[in-house]
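Step one of this worksheet: look at the structure below.
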Amino acid sequence: MLVEFGLFLAASYLIGSIPLAYIIARWRYGLDIRKYVSGQVGASNLYRSVSKKAGILVGLYDAGKGALLVWIAHLLGMELYMEVALGIAVVVGHNWPIFLRFNAGRGLATTAGVAFYLFPWGIWAFVAGAVFTLLLGASPLPVLVGLAAIPLASWLFQQPLELTLGLSALFLILVVRRVTAPKTDRSSLVSTRGLLINRFLFDRDIRDGKAWITFKPPAADKTNTRRGNE
């Protein structure tokens, strides 16, 4: 089983590394999504900068690929710690893909897919944390708080230690990816301390969310971008 697990672990990383958002933007619209809005290679950036429909489909794919691989591992009779490790490998592959020089998205959808499959009650923990944050009036933070609530709920419900540790690792990976992402053209607008705080709390380089998502692409690519959003 250990040999099969090792092969499956490598396969999980490679499957996670497939940058579908980048592929669609490049092949369908002739754009390098890394040069638009947040610079992330993921569903949210594809949705905002290229095509809403494509963004939704890629989001479902990113969430599904993590859950699917963990489900297959479960069908093969692998131990829980193996399933957790495979889920982490998919997220790491998505965030640091070998096919894009180890720089892609934040892995939010993939993290959610893995976490919700491993711990279905985590959905309600996520919703509770997100809603609580919104009630406090901190609209940029619900995703961060919701994801942090999942390992906490696993611990409170006395789930297996390997599951709680795995869910905690998924949250930490998300945070690390946020704060260590390559700098954008707007990173110089804030101090290093401000940049780290903005990335950790808001998942963007600047505090102004509207200015962040309405960043305009180069003039030469505007026609293609408008076509993609039609």
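We name chains A, B, ... following the order of the structure tokens; residues begin at 1 in each chain, and ligands are numbered from 1 as shown.
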Inset, instruction - Name the residues of segment 3-222 of chain A that come out as helix (DSSP H, G or I) in a backbone DSSP run; write them as a PyMOL selection string. - result: chain A and resi 3-16+20-29+33-35+43-49+52-75+80-95+98-100+108-118+122-135+142-156+161-180+187-189+192-202+209-213+219-222
Write a file of the selected residues as a compact mmCIF listing (two decimals), in the first residue's frame, keeping C-alpha atoms.
# COMPACT_ATOMS: atom_id res chain seq x y z
CA VAL A 3 4.15 2.10 -2.88
CA GLU A 4 0.69 2.80 -4.23
CA PHE A 5 0.38 5.70 -1.82
CA GLY A 6 3.67 7.20 -2.98
CA LEU A 7 2.63 6.98 -6.62
CA PHE A 8 -0.79 8.41 -5.86
CA LEU A 9 0.82 11.25 -3.89
CA ALA A 10 2.95 12.23 -6.88
CA ALA A 11 -0.05 11.92 -9.19
CA SER A 12 -2.12 14.12 -6.87
CA TYR A 13 0.49 16.87 -7.01
CA LEU A 14 0.70 16.66 -10.81
CA ILE A 15 -3.08 16.71 -11.24
CA GLY A 16 -3.30 19.65 -8.86
CA LEU A 20 -6.92 25.05 -16.13
CA ALA A 21 -7.56 28.79 -15.64
CA TYR A 22 -4.28 29.62 -17.39
CA ILE A 23 -4.96 27.10 -20.19
CA ILE A 24 -8.44 28.46 -20.93
CA ALA A 25 -7.32 32.09 -20.84
CA ARG A 26 -4.35 31.38 -23.11
CA TRP A 27 -5.94 29.01 -25.64
CA ARG A 28 -9.46 30.39 -25.78
CA TYR A 29 -8.79 34.12 -25.40
CA ILE A 33 -4.09 35.65 -16.94
CA ARG A 34 -1.06 36.33 -14.74
CA LYS A 35 -0.97 39.89 -16.14
CA ALA A 43 -11.11 30.73 -11.02
CA SER A 44 -11.75 34.09 -9.34
CA ASN A 45 -9.26 35.96 -11.50
CA LEU A 46 -10.55 34.21 -14.62
CA TYR A 47 -14.09 35.22 -13.64
CA ARG A 48 -13.15 38.87 -13.14
CA SER A 49 -10.78 39.42 -16.02
CA LYS A 52 -17.68 34.72 -15.91
CA LYS A 53 -18.84 31.38 -17.29
CA ALA A 54 -15.31 30.08 -17.61
CA GLY A 55 -14.54 31.27 -14.09
CA ILE A 56 -17.46 29.35 -12.63
CA LEU A 57 -16.55 26.17 -14.51
CA VAL A 58 -12.92 26.37 -13.44
CA GLY A 59 -14.02 26.98 -9.85
CA LEU A 60 -16.05 23.77 -9.92
CA TYR A 61 -13.13 21.92 -11.48
CA ASP A 62 -10.66 23.20 -8.88
CA ALA A 63 -12.93 22.19 -6.01
CA GLY A 64 -13.82 18.88 -7.59
CA LYS A 65 -10.29 17.70 -8.37
CA GLY A 66 -9.30 17.76 -4.72
CA ALA A 67 -12.43 16.02 -3.48
CA LEU A 68 -12.28 13.44 -6.28
CA LEU A 69 -8.75 12.31 -5.57
CA VAL A 70 -9.42 11.97 -1.84
CA TRP A 71 -12.59 10.02 -2.63
CA ILE A 72 -10.66 7.64 -4.90
CA ALA A 73 -8.12 7.12 -2.12
CA HIS A 74 -10.98 6.26 0.24
CA LEU A 75 -12.35 3.74 -2.25
CA LEU A 80 -7.20 8.61 6.85
CA TYR A 81 -3.74 10.14 7.15
CA MET A 82 -3.06 9.08 3.56
CA GLU A 83 -6.27 10.70 2.35
CA VAL A 84 -5.33 13.90 4.18
CA ALA A 85 -1.82 13.87 2.68
CA LEU A 86 -3.22 13.38 -0.81
CA GLY A 87 -5.60 16.31 -0.35
CA ILE A 88 -2.72 18.49 0.77
CA ALA A 89 -0.67 17.38 -2.25
CA VAL A 90 -3.43 18.49 -4.62
CA VAL A 91 -3.57 21.93 -2.99
CA VAL A 92 0.22 22.29 -3.05
CA GLY A 93 0.19 21.33 -6.73
CA HIS A 94 -2.46 23.95 -7.46
CA ASN A 95 -0.60 26.69 -5.60
CA ILE A 98 5.54 22.52 -11.79
CA PHE A 99 3.98 23.53 -15.12
CA LEU A 100 4.03 27.28 -14.29
CA LEU A 108 -9.18 28.46 -2.20
CA ALA A 109 -11.57 26.30 -4.22
CA THR A 110 -9.28 23.27 -4.08
CA THR A 111 -8.79 23.71 -0.33
CA ALA A 112 -12.55 23.93 0.17
CA GLY A 113 -13.16 20.82 -1.94
CA VAL A 114 -10.67 18.76 0.05
CA ALA A 115 -11.75 20.12 3.45
CA PHE A 116 -15.48 19.69 2.86
CA TYR A 117 -15.02 16.13 1.63
CA LEU A 118 -12.80 15.09 4.55
CA GLY A 122 -16.81 21.83 7.96
CA ILE A 123 -19.26 23.41 5.52
CA TRP A 124 -21.40 24.61 8.41
CA ALA A 125 -18.35 25.73 10.37
CA PHE A 126 -17.23 27.74 7.34
CA VAL A 127 -20.67 29.32 6.92
CA ALA A 128 -20.93 30.12 10.64
CA GLY A 129 -17.52 31.76 10.70
CA ALA A 130 -18.21 33.73 7.53
CA VAL A 131 -21.65 34.92 8.66
CA PHE A 132 -20.32 35.89 12.09
CA THR A 133 -17.62 37.99 10.45
CA LEU A 134 -20.14 39.69 8.17
CA LEU A 135 -22.36 40.51 11.16
CA PRO A 142 -15.40 36.02 5.94
CA VAL A 143 -13.45 33.56 3.77
CA LEU A 144 -10.39 33.72 6.02
CA VAL A 145 -12.42 33.34 9.21
CA GLY A 146 -14.63 30.66 7.69
CA LEU A 147 -11.64 28.54 6.69
CA ALA A 148 -10.03 29.03 10.10
CA ALA A 149 -13.25 27.76 11.71
CA ILE A 150 -13.02 24.38 9.96
CA PRO A 151 -10.04 22.90 11.87
CA LEU A 152 -11.39 24.49 15.04
CA ALA A 153 -14.70 22.70 14.54
CA SER A 154 -12.86 19.44 13.84
CA TRP A 155 -11.06 19.80 17.17
CA LEU A 156 -14.25 20.73 19.07
CA LEU A 161 -6.02 14.03 15.26
CA GLU A 162 -4.71 13.46 11.73
CA LEU A 163 -7.84 15.08 10.32
CA THR A 164 -7.61 18.15 12.56
CA LEU A 165 -3.91 18.55 11.82
CA GLY A 166 -4.55 18.13 8.10
CA LEU A 167 -7.29 20.76 8.07
CA SER A 168 -5.01 23.09 10.01
CA ALA A 169 -2.25 22.48 7.47
CA LEU A 170 -4.62 23.35 4.61
CA PHE A 171 -5.46 26.66 6.30
CA LEU A 172 -1.79 27.46 6.92
CA ILE A 173 -0.90 26.63 3.30
CA LEU A 174 -3.56 29.09 2.15
CA VAL A 175 -2.15 31.81 4.40
CA VAL A 176 1.45 31.14 3.33
CA ARG A 177 0.44 31.32 -0.31
CA ARG A 178 -1.35 34.61 0.25
CA VAL A 179 1.55 36.40 1.88
CA THR A 180 4.34 34.97 -0.29
CA SER A 187 2.82 46.16 -4.45
CA SER A 188 5.05 49.23 -4.42
CA LEU A 189 2.10 51.40 -3.40
CA THR A 192 6.18 45.75 3.23
CA ARG A 193 4.29 45.56 6.52
CA GLY A 194 1.14 46.93 4.89
CA LEU A 195 1.51 44.51 2.00
CA LEU A 196 1.68 41.50 4.33
CA ILE A 197 -1.31 42.70 6.33
CA ASN A 198 -3.38 43.38 3.21
CA ARG A 199 -2.55 39.99 1.76
CA PHE A 200 -3.27 38.13 4.97
CA LEU A 201 -6.56 39.85 5.75
CA PHE A 202 -7.89 40.78 2.32
CA GLY A 209 -10.94 46.41 -3.03
CA LYS A 210 -12.68 48.26 -5.85
CA ALA A 211 -9.41 49.56 -7.25
CA TRP A 212 -7.95 46.07 -6.99
CA ILE A 213 -10.62 44.27 -9.01
CA ALA A 219 -4.79 48.48 -24.21
CA ALA A 220 -3.73 45.88 -26.76
CA ASP A 221 -5.66 43.19 -24.90
CA LYS A 222 -8.86 45.08 -24.07
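The two atoms in question, atom CA of Tyr36 of chain A and atom CA of Gly105 of chain A, are spaced 12.8 Å apart.
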